[in-house]
>>> print(open('model-v2.tsv').read())   # TSV, C-alpha atoms and all ligand atoms
chain	number	residue	atom	x	y	z
L	1	MET	CA	2.00	0.08	-28.22
L	2	GLY	CA	5.27	-1.00	-29.84
L	3	VAL	CA	8.88	-0.35	-28.97
L	4	ARG	CA	9.48	3.42	-28.78
L	5	GLN	CA	12.84	5.08	-29.20
L	6	ARG	CA	14.41	7.83	-27.18
L	7	PRO	CA	13.36	11.22	-28.55
L	8	GLY	CA	16.05	13.10	-30.43
L	9	LEU	CA	18.07	10.02	-31.17
L	10	PRO	CA	18.56	8.83	-34.76
L	11	SER	CA	16.46	5.82	-35.68
L	12	ALA	CA	18.19	2.49	-36.18
L	13	ALA	CA	17.48	2.66	-39.92
L	14	ASP	CA	18.50	6.34	-40.29
L	15	PRO	CA	21.11	6.60	-43.09
L	16	ALA	CA	22.59	9.65	-41.30
L	17	ARG	CA	23.29	7.49	-38.32
L	18	PRO	CA	26.91	6.34	-37.99
L	19	GLY	CA	26.94	2.85	-39.40
L	20	GLY	CA	24.24	3.79	-41.96
L	21	ASP	CA	21.30	1.46	-42.47
L	22	ALA	CA	23.14	-1.60	-41.24
L	23	ALA	CA	21.17	-3.65	-38.71
L	24	PRO	CA	21.87	-2.24	-35.24
L	25	SER	CA	23.44	-4.52	-32.64
L	26	ARG	CA	21.30	-5.87	-29.81
L	27	CYS	CA	23.36	-3.74	-27.46
L	28	ALA	CA	22.53	-0.57	-29.41
L	29	LEU	CA	18.84	-1.50	-29.49
L	30	ALA	CA	18.81	-1.99	-25.73
L	31	PHE	CA	20.20	1.53	-25.34
L	32	LEU	CA	17.69	3.05	-27.77
L	33	ARG	CA	14.64	1.36	-26.30
L	34	VAL	CA	12.13	3.46	-24.34
L	35	PRO	CA	9.79	1.11	-22.46
L	36	ASP	CA	6.13	2.07	-22.03
L	37	VAL	CA	6.11	0.72	-18.48
L	38	VAL	CA	8.72	-0.25	-15.91
L	39	GLU	CA	7.50	-3.13	-13.76
L	40	LEU	CA	9.56	-3.90	-10.65
L	41	PHE	CA	9.54	-7.17	-8.66
L	42	ALA	CA	7.54	-8.39	-11.63
L	43	GLY	CA	7.18	-11.98	-10.38
L	44	PRO	CA	5.29	-14.62	-12.35
L	45	GLY	CA	2.99	-12.11	-13.99
L	46	GLY	CA	-0.19	-11.19	-12.10
L	47	LEU	CA	0.48	-7.48	-12.43
L	48	SER	CA	1.75	-8.01	-16.00
L	49	GLU	CA	-1.54	-9.73	-16.89
L	50	GLY	CA	-3.46	-6.77	-15.48
L	51	LEU	CA	-1.27	-4.26	-17.35
L	52	ARG	CA	-1.91	-6.10	-20.59
L	53	ALA	CA	-5.65	-6.31	-19.94
L	54	ALA	CA	-5.88	-2.59	-19.13
L	55	LEU	CA	-3.51	-1.11	-21.69
L	56	GLY	CA	-3.02	-3.73	-24.42
L	57	ASP	CA	0.27	-4.88	-25.85
L	58	LEU	CA	2.98	-2.82	-24.17
L	59	ASP	CA	6.73	-2.69	-24.18
L	60	VAL	CA	7.39	-3.47	-20.52
L	61	LEU	CA	10.79	-3.43	-18.84
L	62	ALA	CA	10.04	-5.99	-16.11
L	63	VAL	CA	12.72	-6.76	-13.51
L	64	GLU	CA	12.57	-9.92	-11.37
L	65	ASN	CA	15.34	-11.99	-9.78
L	66	ASP	CA	13.73	-15.39	-9.10
L	67	ALA	CA	14.45	-17.98	-11.80
L	68	ASP	CA	11.10	-19.80	-11.50
L	69	ALA	CA	9.11	-16.56	-11.57
L	70	VAL	CA	11.08	-15.46	-14.63
L	71	ALA	CA	10.43	-18.81	-16.36
L	72	THR	CA	6.71	-18.67	-15.53
L	73	ALA	CA	6.31	-15.12	-16.80
L	74	ARG	CA	8.17	-15.83	-20.02
L	75	ALA	CA	6.08	-18.97	-20.62
L	76	ALA	CA	2.99	-16.74	-20.29
L	77	GLY	CA	4.39	-14.30	-22.84
L	78	HIS	CA	5.62	-11.62	-20.41
L	79	PRO	CA	9.20	-10.39	-20.89
L	80	ARG	CA	11.53	-10.44	-17.89
L	81	VAL	CA	14.99	-9.11	-17.13
L	82	LYS	CA	16.45	-11.42	-14.48
L	83	ALA	CA	18.16	-8.94	-12.16
L	84	ASP	CA	18.13	-7.39	-8.70
L	85	VAL	CA	15.86	-4.31	-8.71
L	86	ALA	CA	18.15	-2.58	-6.19
L	87	HIS	CA	21.14	-2.79	-8.53
L	88	TYR	CA	19.63	-2.69	-12.02
L	89	PRO	CA	20.50	0.59	-13.82
L	90	MET	CA	17.48	2.89	-13.74
L	91	ARG	CA	18.58	4.56	-16.99
L	92	HIS	CA	17.04	1.60	-18.90
L	93	GLY	CA	13.63	2.85	-17.81
L	94	ARG	CA	14.11	6.49	-18.87
L	95	GLY	CA	11.17	7.96	-20.80
L	96	CYS	CA	8.65	5.36	-19.57
L	97	ASP	CA	5.01	6.35	-19.10
L	98	GLY	CA	4.33	4.31	-15.96
L	99	VAL	CA	5.95	2.49	-13.05
L	100	ALA	CA	4.10	-0.47	-11.50
L	101	ALA	CA	5.35	-2.61	-8.62
L	102	ALA	CA	4.42	-5.06	-5.89
L	103	PRO	CA	7.57	-5.38	-3.76
L	104	PRO	CA	8.22	-8.48	-1.61
L	105	CYS	CA	5.84	-8.74	1.32
L	106	GLN	CA	7.40	-11.36	3.65
L	107	SER	CA	8.85	-8.75	6.05
L	108	PHE	CA	5.43	-7.16	6.56
L	109	SER	CA	2.79	-9.86	6.24
L	110	MET	CA	1.00	-11.48	9.17
L	111	GLY	CA	2.51	-14.86	8.23
L	112	GLY	CA	6.14	-13.62	8.48
L	113	LEU	CA	8.35	-12.40	11.35
L	114	ARG	CA	7.24	-8.81	10.62
L	115	LEU	CA	10.75	-7.33	10.82
L	116	ARG	CA	9.50	-4.69	8.35
L	117	GLU	CA	12.18	-2.18	7.36
L	118	ALA	CA	14.67	-3.77	9.82
L	119	ASP	CA	14.94	-6.62	7.32
L	120	PRO	CA	17.04	-5.92	4.17
L	121	ARG	CA	14.19	-7.50	2.15
L	122	GLY	CA	11.76	-5.14	3.86
L	123	ARG	CA	13.79	-2.14	2.72
L	124	LEU	CA	13.10	-3.16	-0.88
L	125	VAL	CA	9.66	-1.62	-0.31
L	126	HIS	CA	11.32	1.76	-0.95
L	127	GLU	CA	12.73	0.79	-4.36
L	128	PRO	CA	9.62	1.70	-6.43
L	129	LEU	CA	9.65	5.23	-4.95
L	130	ARG	CA	13.36	5.58	-5.77
L	131	TRP	CA	12.63	4.55	-9.38
L	132	ALA	CA	9.54	6.77	-9.65
L	133	LEU	CA	11.34	9.88	-8.38
L	134	GLU	CA	14.22	9.26	-10.78
L	135	LEU	CA	12.13	8.36	-13.88
L	136	ARG	CA	9.19	10.71	-13.18
L	137	PRO	CA	6.67	8.63	-15.14
L	138	ARG	CA	3.15	9.94	-15.84
L	139	TRP	CA	1.60	7.33	-13.53
L	140	VAL	CA	2.55	5.03	-10.64
L	141	VAL	CA	0.75	1.93	-9.28
L	142	LEU	CA	1.98	0.12	-6.14
L	143	GLU	CA	0.43	-2.86	-4.32
L	144	GLN	CA	1.35	-4.61	-1.07
L	145	VAL	CA	-0.13	-6.21	2.07
L	146	PRO	CA	-2.29	-3.88	4.26
L	147	GLU	CA	0.50	-3.49	6.85
L	148	VAL	CA	2.41	-1.38	4.28
L	149	LEU	CA	-0.22	1.38	4.13
L	150	PRO	CA	1.74	3.77	6.45
L	151	ILE	CA	4.73	3.44	4.11
L	152	TRP	CA	2.54	4.13	1.06
L	153	ARG	CA	1.30	7.28	2.84
L	154	ARG	CA	4.90	8.46	3.26
L	155	HIS	CA	5.67	7.61	-0.36
L	156	LEU	CA	2.59	9.47	-1.58
L	157	ARG	CA	3.72	12.59	0.31
L	158	ALA	CA	7.09	12.37	-1.48
L	159	LEU	CA	5.32	11.97	-4.84
L	160	VAL	CA	3.02	14.93	-4.14
L	161	ASP	CA	6.11	17.03	-3.34
L	162	ALA	CA	7.42	15.95	-6.75
L	163	GLY	CA	4.28	17.19	-8.54
L	164	TYR	CA	2.00	14.14	-8.46
L	165	ARG	CA	-1.62	13.81	-7.37
L	166	GLY	CA	-2.59	10.49	-5.85
L	167	TRP	CA	-4.52	8.24	-3.53
L	168	CYS	CA	-3.58	5.38	-1.25
L	169	GLY	CA	-5.74	3.06	0.80
L	170	VAL	CA	-6.77	-0.55	1.34
L	171	VAL	CA	-8.89	-2.31	-1.27
L	172	ASN	CA	-10.24	-5.85	-1.40
L	173	ALA	CA	-9.60	-7.93	-4.55
L	174	VAL	CA	-13.07	-9.45	-4.08
L	175	ASP	CA	-14.52	-6.08	-5.18
L	176	TYR	CA	-12.63	-6.33	-8.48
L	177	SER	CA	-13.88	-9.59	-10.00
L	178	THR	CA	-11.52	-11.86	-8.03
L	179	PRO	CA	-13.26	-14.75	-6.20
L	180	GLN	CA	-11.16	-14.17	-3.07
L	181	ASP	CA	-11.16	-11.99	0.03
L	182	ARG	CA	-7.75	-10.36	-0.29
L	183	ARG	CA	-7.10	-6.96	1.26
L	184	ARG	CA	-4.25	-4.99	-0.22
L	185	ALA	CA	-2.71	-1.54	0.38
L	186	VAL	CA	-2.42	0.29	-2.92
L	187	LEU	CA	-0.95	3.60	-4.05
L	188	LEU	CA	-2.08	5.28	-7.26
L	189	ALA	CA	-0.46	8.49	-8.49
L	190	ARG	CA	-0.33	10.53	-11.67
L	191	ARG	CA	1.61	13.57	-12.83
L	192	ASP	CA	-0.71	14.86	-15.57
L	193	GLY	CA	-2.76	17.02	-13.19
L	194	ARG	CA	-5.77	14.70	-13.19
L	195	PRO	CA	-7.16	13.51	-9.85
L	196	VAL	CA	-6.94	9.88	-8.72
L	197	GLY	CA	-9.30	8.15	-6.31
L	198	PRO	CA	-9.91	4.55	-5.35
L	199	PRO	CA	-10.69	2.23	-8.25
L	200	VAL	CA	-14.43	1.91	-8.84
L	201	ARG	CA	-15.72	-1.34	-7.34
L	202	HIS	CA	-17.31	-3.92	-9.60
L	203	LEU	CA	-20.90	-4.69	-8.74
L	204	ALA	CA	-21.05	-8.44	-8.21
L	205	ARG	CA	-18.86	-10.55	-5.93
L	206	ILE	CA	-17.88	-13.93	-7.39
L	207	SER	CA	-18.08	-17.04	-5.21
L	208	ALA	CA	-15.59	-19.90	-5.40
L	209	ALA	CA	-18.44	-22.15	-6.59
L	210	ALA	CA	-19.32	-19.77	-9.44
L	211	ALA	CA	-15.66	-19.41	-10.46
L	212	LEU	CA	-14.89	-23.11	-10.41
L	213	GLY	CA	-18.18	-24.94	-10.92
L	214	TRP	CA	-18.05	-26.39	-7.39
L	215	ARG	CA	-21.19	-27.23	-5.40
L	216	PRO	CA	-22.16	-24.16	-3.33
L	217	ALA	CA	-22.42	-26.38	-0.22
L	218	ASP	CA	-18.82	-27.62	-0.58
L	219	GLN	CA	-16.34	-26.45	2.02
L	220	PHE	CA	-12.67	-25.85	1.35
L	221	GLY	CA	-9.48	-24.71	3.03
L	222	LEU	CA	-6.77	-26.08	5.28
L	223	PRO	CA	-8.16	-29.04	7.25
L	224	ARG	CA	-7.00	-28.70	10.86
L	225	ARG	CA	-8.57	-30.66	13.69
L	226	ALA	CA	-10.55	-28.43	16.07
L	227	ASP	CA	-9.60	-28.13	19.74
L	228	PRO	CA	-12.46	-29.07	22.08
L	229	GLY	CA	-14.84	-26.15	22.72
L	230	ARG	CA	-13.70	-24.19	19.64
L	231	HIS	CA	-15.93	-23.31	16.69
L	232	ALA	CA	-15.86	-26.42	14.57
L	233	VAL	CA	-17.27	-27.84	11.39
L	234	GLU	CA	-18.27	-31.48	11.37
L	235	TRP	CA	-17.47	-33.42	8.26
L	236	ASN	CA	-17.91	-37.15	8.03
L	237	GLY	CA	-17.75	-37.56	11.83
L	238	GLN	CA	-14.58	-35.39	12.33
L	239	LEU	CA	-14.43	-31.88	13.80
L	240	TYR	CA	-12.35	-29.25	11.92
L	241	ARG	CA	-11.41	-25.65	12.80
L	242	GLU	CA	-14.16	-23.49	11.38
L	243	ARG	CA	-12.00	-20.42	10.72
L	244	ASP	CA	-9.77	-22.28	8.27
L	245	LEU	CA	-12.68	-23.33	6.06
L	246	ARG	CA	-15.02	-21.53	3.69
L	247	ARG	CA	-18.26	-22.48	2.02
L	248	ALA	CA	-17.89	-22.48	-1.76
L	249	SER	CA	-20.98	-20.27	-1.95
L	250	GLN	CA	-18.64	-17.48	-0.74
L	251	PRO	CA	-15.44	-16.04	-2.23
L	252	SER	CA	-12.26	-17.86	-1.13
L	253	HIS	CA	-10.36	-16.72	1.92
L	254	THR	CA	-6.93	-15.21	1.26
L	255	VAL	CA	-4.70	-17.49	-0.78
L	256	THR	CA	-1.30	-18.06	0.88
L	257	GLY	CA	1.45	-20.57	0.17
L	258	LYS	CA	-0.47	-22.97	2.44
L	259	ALA	CA	-3.02	-23.34	-0.36
L	260	ARG	CA	-0.79	-26.22	-1.50
L	261	SER	CA	-2.44	-28.23	1.32
L	262	TRP	CA	-6.02	-27.03	0.83
L	263	GLN	CA	-8.72	-29.64	0.50
L	264	ARG	CA	-12.36	-29.58	-0.51
L	265	TRP	CA	-15.17	-31.42	1.17
L	266	THR	CA	-17.71	-32.33	-1.46
L	267	ARG	CA	-19.91	-35.23	-2.56
L	268	ASP	CA	-19.32	-37.71	-5.33
L	269	ALA	CA	-21.81	-38.53	-8.11
L	270	GLN	CA	-23.59	-40.92	-5.73
L	271	GLY	CA	-23.90	-38.22	-3.06
L	272	ARG	CA	-21.30	-39.77	-0.74
L	273	PRO	CA	-18.99	-37.35	1.16
L	274	VAL	CA	-15.50	-37.19	-0.30
L	275	VAL	CA	-12.42	-35.04	0.32
L	276	VAL	CA	-10.38	-33.95	-2.71
L	277	PRO	CA	-7.24	-31.81	-2.95
L	278	VAL	CA	-7.64	-28.27	-4.27
L	279	GLU	CA	-5.49	-28.24	-7.41
L	280	LEU	CA	-3.02	-25.55	-8.53
L	281	ALA	CA	-5.26	-24.76	-11.52
L	282	GLU	CA	-8.17	-24.14	-9.13
L	283	VAL	CA	-6.11	-21.89	-6.85
L	284	SER	CA	-4.97	-20.03	-9.99
L	285	VAL	CA	-8.61	-19.23	-10.75
L	286	LEU	CA	-9.24	-18.17	-7.13
L	287	GLN	CA	-6.30	-15.76	-7.53
L	288	GLY	CA	-7.80	-14.33	-10.74
L	289	PHE	CA	-5.51	-16.16	-13.19
L	290	ARG	CA	-6.66	-18.47	-15.97
L	291	ALA	CA	-6.68	-22.15	-14.99
L	292	ASP	CA	-3.86	-23.07	-17.40
L	293	TYR	CA	-1.44	-20.31	-16.38
L	294	PRO	CA	1.99	-21.93	-17.00
L	295	TRP	CA	3.52	-22.05	-13.50
L	296	ARG	CA	7.14	-23.25	-13.35
L	297	GLY	CA	9.29	-24.66	-10.54
L	298	LEU	CA	8.77	-27.08	-7.67
L	299	ARG	CA	5.21	-27.64	-6.52
L	300	SER	CA	5.59	-25.67	-3.27
L	301	ASN	CA	7.29	-22.79	-5.13
L	302	ARG	CA	4.44	-22.66	-7.65
L	303	PHE	CA	1.88	-22.24	-4.88
L	304	GLN	CA	4.03	-19.63	-3.10
L	305	ALA	CA	4.57	-17.61	-6.29
L	306	LEU	CA	0.87	-17.77	-7.04
L	307	ALA	CA	0.04	-16.63	-3.50
L	308	ASN	CA	2.45	-13.67	-3.82
L	309	ALA	CA	1.12	-12.54	-7.20
L	310	THR	CA	-1.15	-9.58	-7.70
L	311	PRO	CA	-4.59	-10.85	-8.80
L	312	PRO	CA	-4.81	-9.87	-12.49
L	313	PRO	CA	-8.37	-8.42	-12.27
L	314	LEU	CA	-7.31	-6.21	-9.34
L	315	ALA	CA	-4.17	-5.16	-11.24
L	316	ARG	CA	-6.29	-4.29	-14.26
L	317	ALA	CA	-8.61	-2.10	-12.18
L	318	LEU	CA	-5.69	-0.30	-10.50
L	319	VAL	CA	-3.88	0.40	-13.77
L	320	ALA	CA	-7.09	1.55	-15.45
L	321	ARG	CA	-7.78	3.96	-12.57
L	322	ALA	CA	-4.28	5.44	-12.65
L	323	THR	CA	-4.12	5.90	-16.41
L	324	ARG	CA	-7.54	6.98	-17.67
M	401	LIG	C1	4.97	-9.74	-4.25
M	401	LIG	S1	5.89	-10.59	-5.46
M	401	LIG	C2	5.42	-9.71	-6.92
M	401	LIG	C3	4.43	-10.45	-7.74
M	401	LIG	C4	4.08	-9.77	-9.04
M	401	LIG	N1	3.59	-8.41	-8.87
M	401	LIG	C5	3.02	-10.58	-9.76
M	401	LIG	O1	1.88	-10.15	-9.80
M	401	LIG	O2	3.36	-11.66	-10.26
M	401	LIG	C6	7.50	-9.95	-5.21
M	401	LIG	C7	8.53	-10.46	-6.20
M	401	LIG	O3	9.77	-9.78	-5.99
M	401	LIG	C8	10.83	-10.68	-6.30
M	401	LIG	N2	12.04	-10.13	-5.70
M	401	LIG	C9	12.39	-10.14	-4.38
M	401	LIG	N3	13.54	-9.47	-4.22
M	401	LIG	C10	13.90	-9.00	-5.44
M	401	LIG	C11	15.01	-8.21	-5.91
M	401	LIG	N4	15.94	-7.76	-5.07
M	401	LIG	N5	15.07	-7.92	-7.22
M	401	LIG	C12	14.13	-8.40	-8.08
M	401	LIG	N6	13.06	-9.14	-7.70
M	401	LIG	C13	12.96	-9.44	-6.40
M	401	LIG	C14	10.34	-12.01	-5.76
M	401	LIG	O4	11.02	-13.08	-6.38
M	401	LIG	C15	8.85	-11.95	-6.11
M	401	LIG	O5	8.61	-12.57	-7.35
>>> encode(input="model-v2.tsv", output="structure tokens")
Amino acid sequence: MGVRQRPGLPSAADPARPGGDAAPSRCALAFLRVPDVVELFAGPGGLSEGLRAALGDLDVLAVENDADAVATARAAGHPRVKADVAHYPMRHGRGCDGVAAAPPCQSFSMGGLRLREADPRGRLVHEPLRWALELRPRWVVLEQVPEVLPIWRRHLRALVDAGYRGWCGVVNAVDYSTPQDRRRAVLLARRDGRPVGPPVRHLARISAAAALGWRPADQFGLPRRADPGRHAVEWNGQLYRERDLRRASQPSHTVTGKARSWQRWTRDAQGRPVVVPVELAEVSVLQGFRADYPWRGLRSNRFQALANATPPPLARALVARATR
């Protein structure tokens, strides 16, 4: 899909248009543009990758306010408007077919203080609904941590009152070709009268070993010494907390910003036990990105942005379900 124009408006090359066939200014083009999709809190591009995989080359109006996330997305070929979603004029999205968003999760996730809507950042969770009710796109896709499900239920009721049909629930990215256990609350809605249910699960689960060519017997995760009497894994004479580690024969546990400190217990070519860091490129693959995704920013910020991103294969499945 290319750049569409607002219906009823003269085309930029229309001789009847004031100014004739002269090249329109960038400002005029921005006004005339009708994006296919509005993507909010667009981040480094996990959801953008999924949109592209599901729907092809789209004109996306993608709003994001973090400089590193903007730089990463642009390096990967995804456009970004660097702006605050809460203050960006919604008129720029008028006429769009879909709204997709994964608002910030820190106020809701287990790792944060869980201030939820008491935190100004937590209140941003309502922005996609505000945009959807104003723009009335044909379809809506929202994704967040499982703790947000009650809010998605409220939002779905508001969308149904506005003429949508929809579904919300918790899905696991591991069921959508992502080599990671990652539960997410999603909302899918459409306004064309067609029903929407949960996205159809893919058949096979992918292990970390299969995704990355690791030995199935390897173990990986955050190495923390085990307290006496606790479930522990012995590696090279040391005891480590079992719950922080996974066998590579399984999908990864949920990627968080702490993945910057993950290690992998494996064996070298001579069969000796060795511990190696889990690299950003490997965590990218565990999150469903390609290994050479062009992350930008400081090392810790790259891991955090990656951990906050929507896994592209999950995003693809959600968008496909809401649009076909
Ligand atoms: C959960 S992440 C979204 C990740 C994105 N869906 C992806 O797959 O890459 C939330 C994003 O919202 C951005 N953000 C937070 N507050 C914002 C605001 N007020 N306006 C625009 N973006 C904001 C953060 O920088 C972060 O990139």
>>> closest_atom_pairs(input="model-v2.tsv", of="chain L", to="ligand LIG 401 (chain M)", cutoff="6 Å", atoms="only C-alpha atoms and all ligand atoms", output="Markdown table")
| residue | atom | partner | partner_atom | distance |
| --- | --- | --- | --- | --- |
| L:Phe41 | CA | M:LIG401 | O3 | 3.7 |
| L:Ala42 | CA | M:LIG401 | C4 | 4.5 |
| L:Gly43 | CA | M:LIG401 | O5 | 3.4 |
| L:Pro44 | CA | M:LIG401 | O2 | 4.1 |
| L:Gly45 | CA | M:LIG401 | O2 | 3.8 |
| L:Gly46 | CA | M:LIG401 | O1 | 3.3 |
| L:Leu47 | CA | M:LIG401 | O1 | 4.0 |
| L:Val63 | CA | M:LIG401 | C12 | 5.8 |
| L:Glu64 | CA | M:LIG401 | N6 | 3.8 |
| L:Asn65 | CA | M:LIG401 | C12 | 4.2 |
| L:Asp66 | CA | M:LIG401 | O4 | 4.5 |
| L:Ala69 | CA | M:LIG401 | O5 | 5.8 |
| L:Ala83 | CA | M:LIG401 | C12 | 5.8 |
| L:Asp84 | CA | M:LIG401 | N5 | 3.4 |
| L:Val85 | CA | M:LIG401 | N5 | 4.0 |
| L:Ala86 | CA | M:LIG401 | N4 | 5.7 |
| L:Ala102 | CA | M:LIG401 | N1 | 4.6 |
| L:Pro103 | CA | M:LIG401 | C6 | 4.8 |
| L:Pro104 | CA | M:LIG401 | C6 | 4.0 |
| L:Cys105 | CA | M:LIG401 | C1 | 5.7 |
| L:Asn308 | CA | M:LIG401 | C1 | 4.7 |
| L:Ala309 | CA | M:LIG401 | O1 | 3.6 |
| L:Thr310 | CA | M:LIG401 | O1 | 3.7 |
>>> atom_distance(input="model-v2.tsv", atom1="atom CA of L:Ala269", atom2="atom CA of L:Gln180")
27.1 Å
>>> atom_distance(input="model-v2.tsv", atom1="atom CA of L:Val38", atom2="atom CA of L:His155")
17.7 Å
>>> closest_residue(input="model-v2.tsv", among="L:Gly169, L:Gly288, L:Pro312, L:Gly297", to="L:Pro150", atoms="all atoms listed in the file")
L:Gly169
>>> closest_residue(input="model-v2.tsv", among="L:Ala315, L:Gln263, L:Ala71, L:Thr178", to="L:Arg52", atoms="only C-alpha atoms")
L:Ala315
>>> atom_distance(input="model-v2.tsv", atom1="atom CA of L:Arg316", atom2="atom CA of L:Ser249")
25.0 Å
>>> residues_around(input="model-v2.tsv", residues="stretch 228-240 of chain L", least_positions_apart="2", cutoff="10 Å", atoms="all atoms listed in the file", output="PyMOL selection string")
chain L and resi 219+222-226+242-245+265-266+272-275
>>> write_last_selection(input="model-v2.tsv", atoms="C-alpha atoms", output="compact mmCIF listing (two decimals), in the coordinates of the input")
# COMPACT_ATOMS: atom_id res chain seq x y z
CA GLN L 219 -16.34 -26.45 2.02
CA LEU L 222 -6.77 -26.08 5.28
CA PRO L 223 -8.16 -29.04 7.25
CA ARG L 224 -7.00 -28.70 10.86
CA ARG L 225 -8.57 -30.66 13.69
CA ALA L 226 -10.55 -28.43 16.07
CA GLU L 242 -14.16 -23.49 11.38
CA ARG L 243 -12.00 -20.42 10.72
CA ASP L 244 -9.77 -22.28 8.27
CA LEU L 245 -12.68 -23.33 6.06
CA TRP L 265 -15.17 -31.42 1.17
CA THR L 266 -17.71 -32.33 -1.46
CA ARG L 272 -21.30 -39.77 -0.74
CA PRO L 273 -18.99 -37.35 1.16
CA VAL L 274 -15.50 -37.19 -0.30
CA VAL L 275 -12.42 -35.04 0.32
>>> residues_around(input="model-v2.tsv", residues="L:Leu298", least_positions_apart="3", cutoff="12 Å", atoms="only C-alpha atoms", output="JSON, numbers by chain")
{"L": [67, 68, 69, 72, 260, 280, 295, 301, 302, 303, 304, 305]}
